[in-house]
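Visitor: This is protein.cif, which holds mmCIF, C-alpha atoms:
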```cif
data_input
loop_
_atom_site.group_PDB
_atom_site.id
_atom_site.type_symbol
_atom_site.label_atom_id
_atom_site.label_comp_id
_atom_site.auth_asym_id
_atom_site.auth_seq_id
_atom_site.Cartn_x
_atom_site.Cartn_y
_atom_site.Cartn_z
ATOM 1 C CA MET A 23 -16.228 -38.813 -30.592
ATOM 2 C CA GLU A 24 -17.843 -39.665 -27.255
ATOM 3 C CA LEU A 25 -20.007 -37.659 -24.875
ATOM 4 C CA GLN A 26 -17.568 -38.317 -22.066
ATOM 5 C CA GLN A 27 -14.816 -36.646 -24.079
ATOM 6 C CA LEU A 28 -17.010 -33.558 -24.427
ATOM 7 C CA ARG A 29 -17.579 -33.541 -20.651
ATOM 8 C CA TYR A 30 -13.823 -33.777 -20.087
ATOM 9 C CA VAL A 31 -13.198 -30.799 -22.387
ATOM 10 C CA ALA A 32 -15.826 -28.745 -20.560
ATOM 11 C CA ALA A 33 -14.338 -29.698 -17.176
ATOM 12 C CA VAL A 34 -10.805 -28.678 -18.190
ATOM 13 C CA ALA A 35 -12.120 -25.410 -19.620
ATOM 14 C CA ASP A 36 -14.014 -24.682 -16.385
ATOM 15 C CA THR A 37 -11.184 -25.563 -14.002
ATOM 16 C CA GLY A 38 -8.200 -24.491 -16.132
ATOM 17 C CA ASN A 39 -6.319 -27.561 -14.994
ATOM 18 C CA PHE A 40 -6.260 -31.255 -16.016
ATOM 19 C CA THR A 41 -5.859 -32.531 -12.448
ATOM 20 C CA ARG A 42 -8.802 -30.538 -11.080
ATOM 21 C CA ALA A 43 -10.899 -31.528 -14.093
ATOM 22 C CA ALA A 44 -10.142 -35.204 -13.470
ATOM 23 C CA ALA A 45 -11.164 -34.857 -9.818
ATOM 24 C CA ARG A 46 -14.406 -33.177 -10.844
ATOM 25 C CA CYS A 47 -15.158 -35.942 -13.349
ATOM 26 C CA GLU A 48 -14.092 -38.640 -10.849
ATOM 27 C CA VAL A 49 -11.592 -40.176 -13.243
ATOM 28 C CA ALA A 50 -7.820 -40.671 -13.178
ATOM 29 C CA GLN A 51 -5.936 -37.682 -14.595
ATOM 30 C CA PRO A 52 -3.902 -39.735 -17.163
ATOM 31 C CA SER A 53 -7.120 -41.248 -18.479
ATOM 32 C CA LEU A 54 -8.747 -37.828 -18.897
ATOM 33 C CA SER A 55 -5.639 -36.414 -20.582
ATOM 34 C CA GLN A 56 -5.451 -39.352 -23.005
ATOM 35 C CA GLN A 57 -9.123 -39.012 -23.938
ATOM 36 C CA ILE A 58 -8.614 -35.331 -24.773
ATOM 37 C CA ILE A 59 -5.505 -36.180 -26.831
ATOM 38 C CA ASN A 60 -7.560 -38.791 -28.722
ATOM 39 C CA LEU A 61 -10.249 -36.176 -29.357
ATOM 40 C CA GLU A 62 -7.687 -33.633 -30.570
ATOM 41 C CA ARG A 63 -6.348 -36.200 -33.033
ATOM 42 C CA GLU A 64 -9.878 -36.919 -34.246
ATOM 43 C CA VAL A 65 -10.802 -33.267 -34.842
ATOM 44 C CA GLY A 66 -7.362 -32.372 -36.163
ATOM 45 C CA HIS A 67 -6.738 -29.438 -33.819
ATOM 46 C CA LYS A 68 -5.199 -28.781 -30.440
ATOM 47 C CA LEU A 69 -7.975 -27.743 -28.056
ATOM 48 C CA PHE A 70 -5.767 -26.578 -25.179
ATOM 49 C CA HIS A 71 -2.476 -24.804 -24.681
ATOM 50 C CA ARG A 72 -0.591 -26.771 -22.001
ATOM 51 C CA LEU A 73 1.133 -24.050 -19.950
ATOM 52 C CA GLY A 74 2.715 -25.977 -17.108
ATOM 53 C CA ARG A 75 -0.120 -26.815 -14.747
ATOM 54 C CA LYS A 76 -2.468 -24.448 -16.528
ATOM 55 C CA ALA A 77 -4.670 -25.385 -19.481
ATOM 56 C CA VAL A 78 -5.964 -22.579 -21.722
ATOM 57 C CA LEU A 79 -8.338 -23.024 -24.649
ATOM 58 C CA THR A 80 -6.900 -22.505 -28.116
ATOM 59 C CA GLU A 81 -8.901 -20.667 -30.760
ATOM 60 C CA ALA A 82 -10.092 -24.041 -32.035
ATOM 61 C CA GLY A 83 -10.863 -25.076 -28.457
ATOM 62 C CA ILE A 84 -13.082 -22.019 -27.905
ATOM 63 C CA ALA A 85 -15.098 -22.836 -31.025
ATOM 64 C CA PHE A 86 -15.310 -26.515 -30.111
ATOM 65 C CA LEU A 87 -16.341 -25.852 -26.502
ATOM 66 C CA GLU A 88 -19.343 -23.765 -27.561
ATOM 67 C CA ARG A 89 -20.687 -26.650 -29.630
ATOM 68 C CA ALA A 90 -19.758 -29.251 -27.016
ATOM 69 C CA ARG A 91 -21.747 -27.406 -24.345
ATOM 70 C CA ARG A 92 -24.711 -27.193 -26.707
ATOM 71 C CA ILE A 93 -24.597 -30.962 -27.313
ATOM 72 C CA LEU A 94 -24.272 -31.759 -23.596
ATOM 73 C CA PHE A 95 -27.138 -29.401 -22.812
ATOM 74 C CA GLU A 96 -29.438 -31.132 -25.317
ATOM 75 C CA VAL A 97 -28.427 -34.605 -24.115
ATOM 76 C CA ASP A 98 -29.149 -33.584 -20.525
ATOM 77 C CA ASN A 99 -32.550 -32.213 -21.577
ATOM 78 C CA ALA A 100 -33.379 -35.439 -23.421
ATOM 79 C CA ALA A 101 -32.420 -37.557 -20.413
ATOM 80 C CA LYS A 102 -34.549 -35.433 -18.093
ATOM 81 C CA GLU A 103 -37.540 -35.564 -20.425
ATOM 82 C CA LEU A 104 -37.354 -39.341 -20.888
ATOM 83 C CA GLY A 105 -36.907 -39.874 -17.159
ATOM 84 C CA ASP A 106 -39.764 -37.580 -16.174
ATOM 85 C CA HIS A 107 -42.278 -40.348 -15.527
ATOM 86 C CA PRO A 108 -45.024 -39.846 -12.894
ATOM 87 C CA SER A 109 -44.009 -42.952 -10.956
ATOM 88 C CA LEU A 110 -40.324 -42.068 -10.765
ATOM 89 C CA GLY A 111 -38.492 -39.838 -8.327
ATOM 90 C CA ARG A 112 -38.216 -36.253 -9.529
ATOM 91 C CA ARG A 113 -34.857 -34.817 -8.585
ATOM 92 C CA ILE A 114 -34.078 -31.172 -9.272
ATOM 93 C CA THR A 115 -31.322 -28.788 -8.264
ATOM 94 C CA VAL A 116 -32.363 -25.346 -7.071
ATOM 95 C CA GLY A 117 -29.847 -22.531 -6.730
ATOM 96 C CA SER A 118 -30.245 -19.548 -4.441
ATOM 97 C CA ILE A 119 -28.264 -16.524 -3.357
ATOM 98 C CA PRO A 120 -27.170 -16.726 0.321
ATOM 99 C CA THR A 121 -29.373 -13.821 1.425
ATOM 100 C CA VAL A 122 -32.489 -15.747 0.392
ATOM 101 C CA ALA A 123 -31.688 -19.464 0.785
ATOM 102 C CA PRO A 124 -31.940 -19.910 4.591
ATOM 103 C CA TYR A 125 -35.167 -17.913 4.830
ATOM 104 C CA LEU A 126 -37.040 -19.516 1.926
ATOM 105 C CA LEU A 127 -35.753 -22.955 0.924
ATOM 106 C CA PRO A 128 -36.178 -24.991 4.158
ATOM 107 C CA LEU A 129 -39.905 -24.166 4.304
ATOM 108 C CA LEU A 130 -40.376 -24.997 0.608
ATOM 109 C CA ILE A 131 -38.566 -28.322 0.955
ATOM 110 C CA GLU A 132 -40.702 -29.179 3.996
ATOM 111 C CA ARG A 133 -43.904 -28.376 2.084
ATOM 112 C CA GLY A 134 -42.677 -30.314 -0.933
ATOM 113 C CA ARG A 135 -42.088 -33.443 1.143
ATOM 114 C CA SER A 136 -45.680 -33.492 2.334
ATOM 115 C CA ARG A 137 -47.330 -32.584 -0.993
ATOM 116 C CA TYR A 138 -45.121 -34.199 -3.663
ATOM 117 C CA LYS A 139 -43.800 -37.547 -2.438
ATOM 118 C CA ASN A 140 -41.495 -38.095 -5.423
ATOM 119 C CA LEU A 141 -39.961 -34.621 -5.429
ATOM 120 C CA GLN A 142 -36.311 -34.472 -4.342
ATOM 121 C CA VAL A 143 -34.656 -31.065 -4.103
ATOM 122 C CA ASP A 144 -30.903 -30.531 -4.047
ATOM 123 C CA VAL A 145 -29.796 -27.044 -3.021
ATOM 124 C CA CYS A 146 -26.907 -25.023 -4.436
ATOM 125 C CA GLU A 147 -26.288 -21.840 -2.405
ATOM 126 C CA ASP A 148 -23.916 -19.486 -4.220
ATOM 127 C CA PHE A 149 -23.336 -15.931 -5.393
ATOM 128 C CA GLN A 150 -25.452 -14.625 -8.248
ATOM 129 C CA THR A 151 -22.710 -14.563 -10.893
ATOM 130 C CA ASN A 152 -21.916 -18.221 -10.214
ATOM 131 C CA LEU A 153 -25.594 -19.202 -10.288
ATOM 132 C CA ILE A 154 -26.027 -17.523 -13.673
ATOM 133 C CA SER A 155 -23.116 -19.588 -15.026
ATOM 134 C CA LEU A 156 -24.673 -22.761 -13.587
ATOM 135 C CA LEU A 157 -28.025 -21.957 -15.204
ATOM 136 C CA ILE A 158 -26.368 -21.448 -18.581
ATOM 137 C CA GLU A 159 -24.320 -24.648 -18.285
ATOM 138 C CA GLY A 160 -27.220 -26.750 -16.959
ATOM 139 C CA GLY A 161 -25.834 -27.178 -13.436
ATOM 140 C CA VAL A 162 -29.085 -26.047 -11.787
ATOM 141 C CA ASP A 163 -32.708 -26.300 -12.914
ATOM 142 C CA LEU A 164 -33.899 -23.071 -11.273
ATOM 143 C CA ALA A 165 -32.233 -20.286 -9.327
ATOM 144 C CA ILE A 166 -33.636 -17.713 -6.916
ATOM 145 C CA MET A 167 -31.823 -14.383 -7.097
ATOM 146 C CA GLY A 168 -32.177 -10.623 -7.263
ATOM 147 C CA LEU A 169 -33.111 -8.596 -10.298
ATOM 148 C CA PRO A 170 -31.948 -7.467 -12.753
ATOM 149 C CA VAL A 171 -30.859 -10.530 -14.735
ATOM 150 C CA LYS A 172 -29.782 -9.422 -18.198
ATOM 151 C CA ASP A 173 -28.585 -12.581 -19.967
ATOM 152 C CA PRO A 174 -30.878 -13.156 -23.007
ATOM 153 C CA ARG A 175 -30.655 -16.940 -22.550
ATOM 154 C CA LEU A 176 -32.422 -16.718 -19.200
ATOM 155 C CA HIS A 177 -36.011 -15.988 -18.175
ATOM 156 C CA ALA A 178 -36.668 -14.244 -14.845
ATOM 157 C CA GLU A 179 -40.069 -14.346 -13.134
ATOM 158 C CA LEU A 180 -40.580 -11.770 -10.379
ATOM 159 C CA LEU A 181 -41.583 -13.451 -7.110
ATOM 160 C CA PHE A 182 -41.775 -10.625 -4.586
ATOM 161 C CA GLN A 183 -40.406 -7.266 -3.555
ATOM 162 C CA GLU A 184 -39.152 -6.517 -0.082
ATOM 163 C CA PRO A 185 -37.697 -3.452 1.615
ATOM 164 C CA LEU A 186 -34.157 -3.288 2.897
ATOM 165 C CA LEU A 187 -34.168 -2.082 6.492
ATOM 166 C CA LEU A 188 -31.615 -0.223 8.562
ATOM 167 C CA VAL A 189 -30.363 -2.444 11.394
ATOM 168 C CA VAL A 190 -28.708 -1.013 14.517
ATOM 169 C CA ALA A 191 -27.965 -2.190 18.037
ATOM 170 C CA LYS A 192 -30.827 -1.800 20.494
ATOM 171 C CA ASP A 193 -28.920 0.908 22.412
ATOM 172 C CA HIS A 194 -27.592 2.723 19.335
ATOM 173 C CA PRO A 195 -28.484 6.465 19.250
ATOM 174 C CA LEU A 196 -30.336 6.004 15.930
ATOM 175 C CA ALA A 197 -32.659 3.440 17.553
ATOM 176 C CA ALA A 198 -34.176 6.193 19.747
ATOM 177 C CA ARG A 199 -34.632 8.706 16.934
ATOM 178 C CA PRO A 200 -38.266 9.329 15.861
ATOM 179 C CA LYS A 201 -37.122 9.629 12.255
ATOM 180 C CA VAL A 202 -33.977 8.356 10.495
ATOM 181 C CA THR A 203 -33.004 9.393 6.960
ATOM 182 C CA ALA A 204 -30.293 8.203 4.610
ATOM 183 C CA SER A 205 -28.206 11.286 5.353
ATOM 184 C CA ASP A 206 -28.034 10.242 9.023
ATOM 185 C CA LEU A 207 -25.991 7.192 8.006
ATOM 186 C CA ALA A 208 -23.110 9.007 6.323
ATOM 187 C CA GLY A 209 -20.880 9.105 9.401
ATOM 188 C CA GLU A 210 -21.594 5.572 10.592
ATOM 189 C CA ALA A 211 -19.413 2.470 10.239
ATOM 190 C CA PHE A 212 -21.107 -0.233 8.176
ATOM 191 C CA VAL A 213 -21.049 -3.998 8.681
ATOM 192 C CA MET A 214 -21.381 -5.404 5.158
ATOM 193 C CA LEU A 215 -21.468 -8.687 3.305
ATOM 194 C CA GLY A 216 -18.541 -9.424 0.982
ATOM 195 C CA SER A 217 -18.131 -7.658 -2.346
ATOM 196 C CA SER A 218 -19.464 -10.696 -4.283
ATOM 197 C CA SER A 219 -22.878 -10.278 -2.666
ATOM 198 C CA THR A 220 -25.578 -8.553 -4.723
ATOM 199 C CA LEU A 221 -27.020 -7.199 -1.474
ATOM 200 C CA ALA A 222 -23.719 -5.466 -0.694
ATOM 201 C CA ALA A 223 -23.730 -3.938 -4.184
ATOM 202 C CA GLN A 224 -27.268 -2.670 -3.677
ATOM 203 C CA VAL A 225 -26.345 -1.088 -0.331
ATOM 204 C CA ARG A 226 -23.361 0.651 -1.932
ATOM 205 C CA ASN A 227 -25.595 1.932 -4.737
ATOM 206 C CA PHE A 228 -28.132 3.206 -2.214
ATOM 207 C CA CYS A 229 -25.427 5.117 -0.365
ATOM 208 C CA GLY A 230 -24.098 6.511 -3.637
ATOM 209 C CA ASP A 231 -27.577 7.661 -4.643
ATOM 210 C CA ASN A 232 -27.656 9.568 -1.349
ATOM 211 C CA HIS A 233 -24.262 11.181 -2.017
ATOM 212 C CA PHE A 234 -21.986 9.357 0.414
ATOM 213 C CA GLU A 235 -19.586 6.428 0.372
ATOM 214 C CA PRO A 236 -20.258 3.874 3.142
ATOM 215 C CA ARG A 237 -17.428 3.578 5.653
ATOM 216 C CA ILE A 238 -17.029 -0.177 5.898
ATOM 217 C CA GLY A 239 -15.754 -1.441 9.225
ATOM 218 C CA PHE A 240 -16.367 -5.178 8.774
ATOM 219 C CA ARG A 241 -17.026 -7.526 5.859
ATOM 220 C CA CYS A 242 -18.793 -10.808 6.558
ATOM 221 C CA ALA A 243 -19.799 -13.923 4.645
ATOM 222 C CA GLN A 244 -23.127 -14.521 6.386
ATOM 223 C CA ILE A 245 -26.061 -12.408 7.551
ATOM 224 C CA ALA A 246 -25.898 -14.087 10.973
ATOM 225 C CA THR A 247 -22.390 -12.665 11.437
ATOM 226 C CA VAL A 248 -23.520 -9.221 10.301
ATOM 227 C CA LYS A 249 -26.313 -9.232 12.876
ATOM 228 C CA ALA A 250 -24.016 -10.419 15.664
ATOM 229 C CA LEU A 251 -21.527 -7.611 15.011
ATOM 230 C CA VAL A 252 -24.257 -4.978 14.742
ATOM 231 C CA ALA A 253 -25.655 -6.192 18.074
ATOM 232 C CA LEU A 254 -22.214 -5.539 19.621
ATOM 233 C CA GLY A 255 -22.512 -1.907 18.533
ATOM 234 C CA VAL A 256 -19.465 -1.862 16.258
ATOM 235 C CA GLY A 257 -21.466 -0.667 13.247
ATOM 236 C CA ILE A 258 -24.792 -0.529 11.445
ATOM 237 C CA SER A 259 -26.096 -2.452 8.447
ATOM 238 C CA ILE A 260 -28.869 -2.621 5.873
ATOM 239 C CA LEU A 261 -30.561 -6.017 5.551
ATOM 240 C CA PRO A 262 -33.620 -7.480 3.817
ATOM 241 C CA ARG A 263 -36.810 -7.666 5.846
ATOM 242 C CA VAL A 264 -36.858 -11.467 5.509
ATOM 243 C CA ALA A 265 -33.704 -11.644 7.666
ATOM 244 C CA GLN A 266 -35.592 -10.275 10.680
ATOM 245 C CA ALA A 267 -36.101 -12.949 13.363
ATOM 246 C CA PRO A 268 -38.291 -12.818 16.519
ATOM 247 C CA ASP A 269 -35.271 -13.124 18.831
ATOM 248 C CA ASP A 270 -33.634 -10.083 17.228
ATOM 249 C CA LYS A 271 -35.821 -7.792 19.359
ATOM 250 C CA LYS A 272 -33.553 -8.470 22.339
ATOM 251 C CA SER A 273 -30.483 -6.866 20.746
ATOM 252 C CA LEU A 274 -31.373 -5.237 17.406
ATOM 253 C CA ALA A 275 -33.658 -2.516 16.077
ATOM 254 C CA TYR A 276 -34.959 -2.612 12.491
ATOM 255 C CA ILE A 277 -35.811 0.830 11.100
ATOM 256 C CA THR A 278 -37.549 1.877 7.889
ATOM 257 C CA LEU A 279 -35.793 4.975 6.585
ATOM 258 C CA ALA A 280 -38.079 7.995 6.573
ATOM 259 C CA ASP A 281 -37.054 9.196 3.108
ATOM 260 C CA GLY A 282 -37.631 5.868 1.404
ATOM 261 C CA ALA A 283 -36.024 2.507 2.096
ATOM 262 C CA PRO A 284 -34.307 0.704 -0.776
ATOM 263 C CA VAL A 285 -36.252 -2.244 -2.183
ATOM 264 C CA ARG A 286 -34.941 -5.453 -3.706
ATOM 265 C CA GLU A 287 -36.765 -7.645 -6.217
ATOM 266 C CA ILE A 288 -36.405 -11.419 -5.947
ATOM 267 C CA ALA A 289 -37.024 -13.617 -8.986
ATOM 268 C CA VAL A 290 -36.853 -17.254 -9.992
ATOM 269 C CA VAL A 291 -34.671 -17.695 -13.076
ATOM 270 C CA ARG A 292 -34.480 -20.545 -15.584
ATOM 271 C CA HIS A 293 -32.845 -21.238 -18.935
ATOM 272 C CA LEU A 294 -35.221 -20.521 -21.818
ATOM 273 C CA GLN A 295 -34.232 -23.709 -23.647
ATOM 274 C CA ARG A 296 -33.989 -26.065 -20.689
ATOM 275 C CA TYR A 297 -36.630 -28.771 -20.435
ATOM 276 C CA GLN A 298 -38.971 -27.913 -17.570
ATOM 277 C CA SER A 299 -39.475 -31.170 -15.689
ATOM 278 C CA ARG A 300 -42.517 -32.051 -13.593
ATOM 279 C CA GLY A 301 -40.319 -31.699 -10.526
ATOM 280 C CA ALA A 302 -39.360 -28.168 -11.521
ATOM 281 C CA GLU A 303 -43.014 -27.290 -12.139
ATOM 282 C CA GLN A 304 -43.970 -28.686 -8.728
ATOM 283 C CA PHE A 305 -41.273 -26.640 -7.017
ATOM 284 C CA LEU A 306 -42.364 -23.535 -8.928
ATOM 285 C CA THR A 307 -45.900 -24.055 -7.620
ATOM 286 C CA LEU A 308 -44.611 -24.108 -4.036
ATOM 287 C CA LEU A 309 -42.404 -21.087 -4.703
ATOM 288 C CA ARG A 310 -45.193 -18.998 -6.212
ATOM 289 C CA GLU A 311 -47.496 -19.826 -3.305
ATOM 290 C CA ARG A 312 -44.872 -18.731 -0.796
ATOM 291 C CA ALA A 313 -44.188 -15.558 -2.786
ATOM 292 C CA ALA A 314 -47.910 -14.735 -2.646
ATOM 293 C CA GLU A 315 -47.849 -15.192 1.133
ATOM 294 C CA LEU A 316 -44.907 -12.850 1.456
ATOM 295 C CA GLY A 317 -46.689 -10.304 -0.721
ATOM 296 C CA GLU A 318 -49.715 -10.396 1.572
ATOM 297 C CA THR A 319 -47.536 -9.525 4.574
ATOM 298 C CA SER A 320 -45.878 -6.542 2.848
#
```
How would this structure read if it were set down as structure tokens?
Guide:
Amino acid sequence: MELQQLRYVAAVADTGNFTRAAARCEVAQPSLSQQIINLEREVGHKLFHRLGRKAVLTEAGIAFLERARRILFEVDNAAKELGDHPSLGRRITVGSIPTVAPYLLPLLIERGRSRYKNLQVDVCEDFQTNLISLLIEGGVDLAIMGLPVKDPRLHAELLFQEPLLLVVAKDHPLAARPKVTASDLAGEAFVMLGSSSTLAAQVRNFCGDNHFEPRIGFRCAQIATVKALVALGVGISILPRVAQAPDDKKSLAYITLADGAPVREIAVVRHLQRYQSRGAEQFLTLLRERAAELGETS
């Protein structure tokens, strides 16, 4: 049994397809398939049902995969620990949800370059559910995301809290109101991020807590698109304070709701059993410093 065979099994399980798994592992598909067949012969069980182009784990495959991931995780930890020498480059992968990444990571990477010469940061920007899977599987060292995070294998450290603000066009009637409450939003069209976004879920929950269902006019993939559409006057939105830019004053108004704005909590999350490299500790130092700065401006 070889480690590469375990990686092939994990790749097929993740992709559900031998061809996609081979592409991910950068190996020819017949070679990957043959290695899995050899492994199945060795363990005495079929690991996958071959259903046309689809590959589905058998009962034996499910049991085997759990142990294979555990072995790969420990091997990866051992390699990181042995390679974590002060004179060597320290490469880490940091995940972040899209509503945080562009406002936080570039500054941290810039600071890291000047303070820690050996630190190299790769960025993985993705939705929270995908980042949690990557943390569990060892695909990222750390991930920045919203709370709550309920998986018992993960540890979440609160970084900062920030309010979510109502955003309207500069000439929108709500922009001139001396006081805006949640009930004033019930008849408005909303410009929202897609349903996979945790921010969108929080906005929906906020509306539900105030006894109305948001009327969604547009769904977007990026905050920049949300802001552009709101500036056109086609709808309103609710965005984190960190998304506010100096140039927004020309076309947008940010309003704190009079009866209490929703608040989101941002945390850095890591696997409890993952080896914490010097590079990860250095990045955490930068992250905590920046979080303290943001707390001071609250």
Visitor: What would the selection look like, as a PyMOL selection string, if the PyMOL selection byres ((chain A and resi 269-280) around 10) were run on the coordinates I just shared?
Guide: chain A and resi 185-194+196-206+249-250+252-255+259-261+263+265-268+281-284
Visitor: Would you write out, as a ChimeraX atom specification, every residue that the PyMOL selection byres ((chain A and resi 215) around 10) captures in this file?
Guide: /A:121,212-214,216-223,225,238,240-245,247-248,259-261
Visitor: Report as a PyMOL selection string all protein, DNA and RNA residues lying within 12 Å of Leu156 in chain A, evaluated on all atoms listed in the file, omitting residues in the same chain fewer than 6 positions from it.
Guide: chain A and resi 36+95+115-118+146-150+162-165+176+291-293
Visitor: Would you kindly return, as a list in words, each protein, DNA or RNA residue with an atom no farther than 8 Å from any atom of Asn39 in chain A, considering only C-alpha atoms and excluding same-chain residues fewer than 2 positions away?
Guide: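 Counting only C-alpha atoms, the residues come to Val34, Ala35, Thr37, Thr41, Arg42, Ala43, Arg75, Lys76 and Ala77 of chain A.
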Visitor: Restricting the calculation to only C-alpha atoms, which member of A:Asn227, A:Gly66, A:Arg113, A:Tyr30 is positioned closest to Ser53 in chain A?
Guide: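 Closest to Ser53 in chain A of all the choices is A:Tyr30.
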Visitor: Tell me which residues the PyMOL selection byres ((chain A and resi 97-103) around 10) grabs here, as a list of chain:residue names.
Guide: A:Leu25, A:Arg91, A:Arg92, A:Ile93, A:Leu94, A:Phe95, A:Glu96, A:Leu104, A:Gly105, A:Asp106, A:His107, A:Arg112, A:Arg113, A:Ile114, A:Gly160, A:Gln295, A:Arg296, A:Tyr297, A:Gln298, A:Ser299, A:Arg300
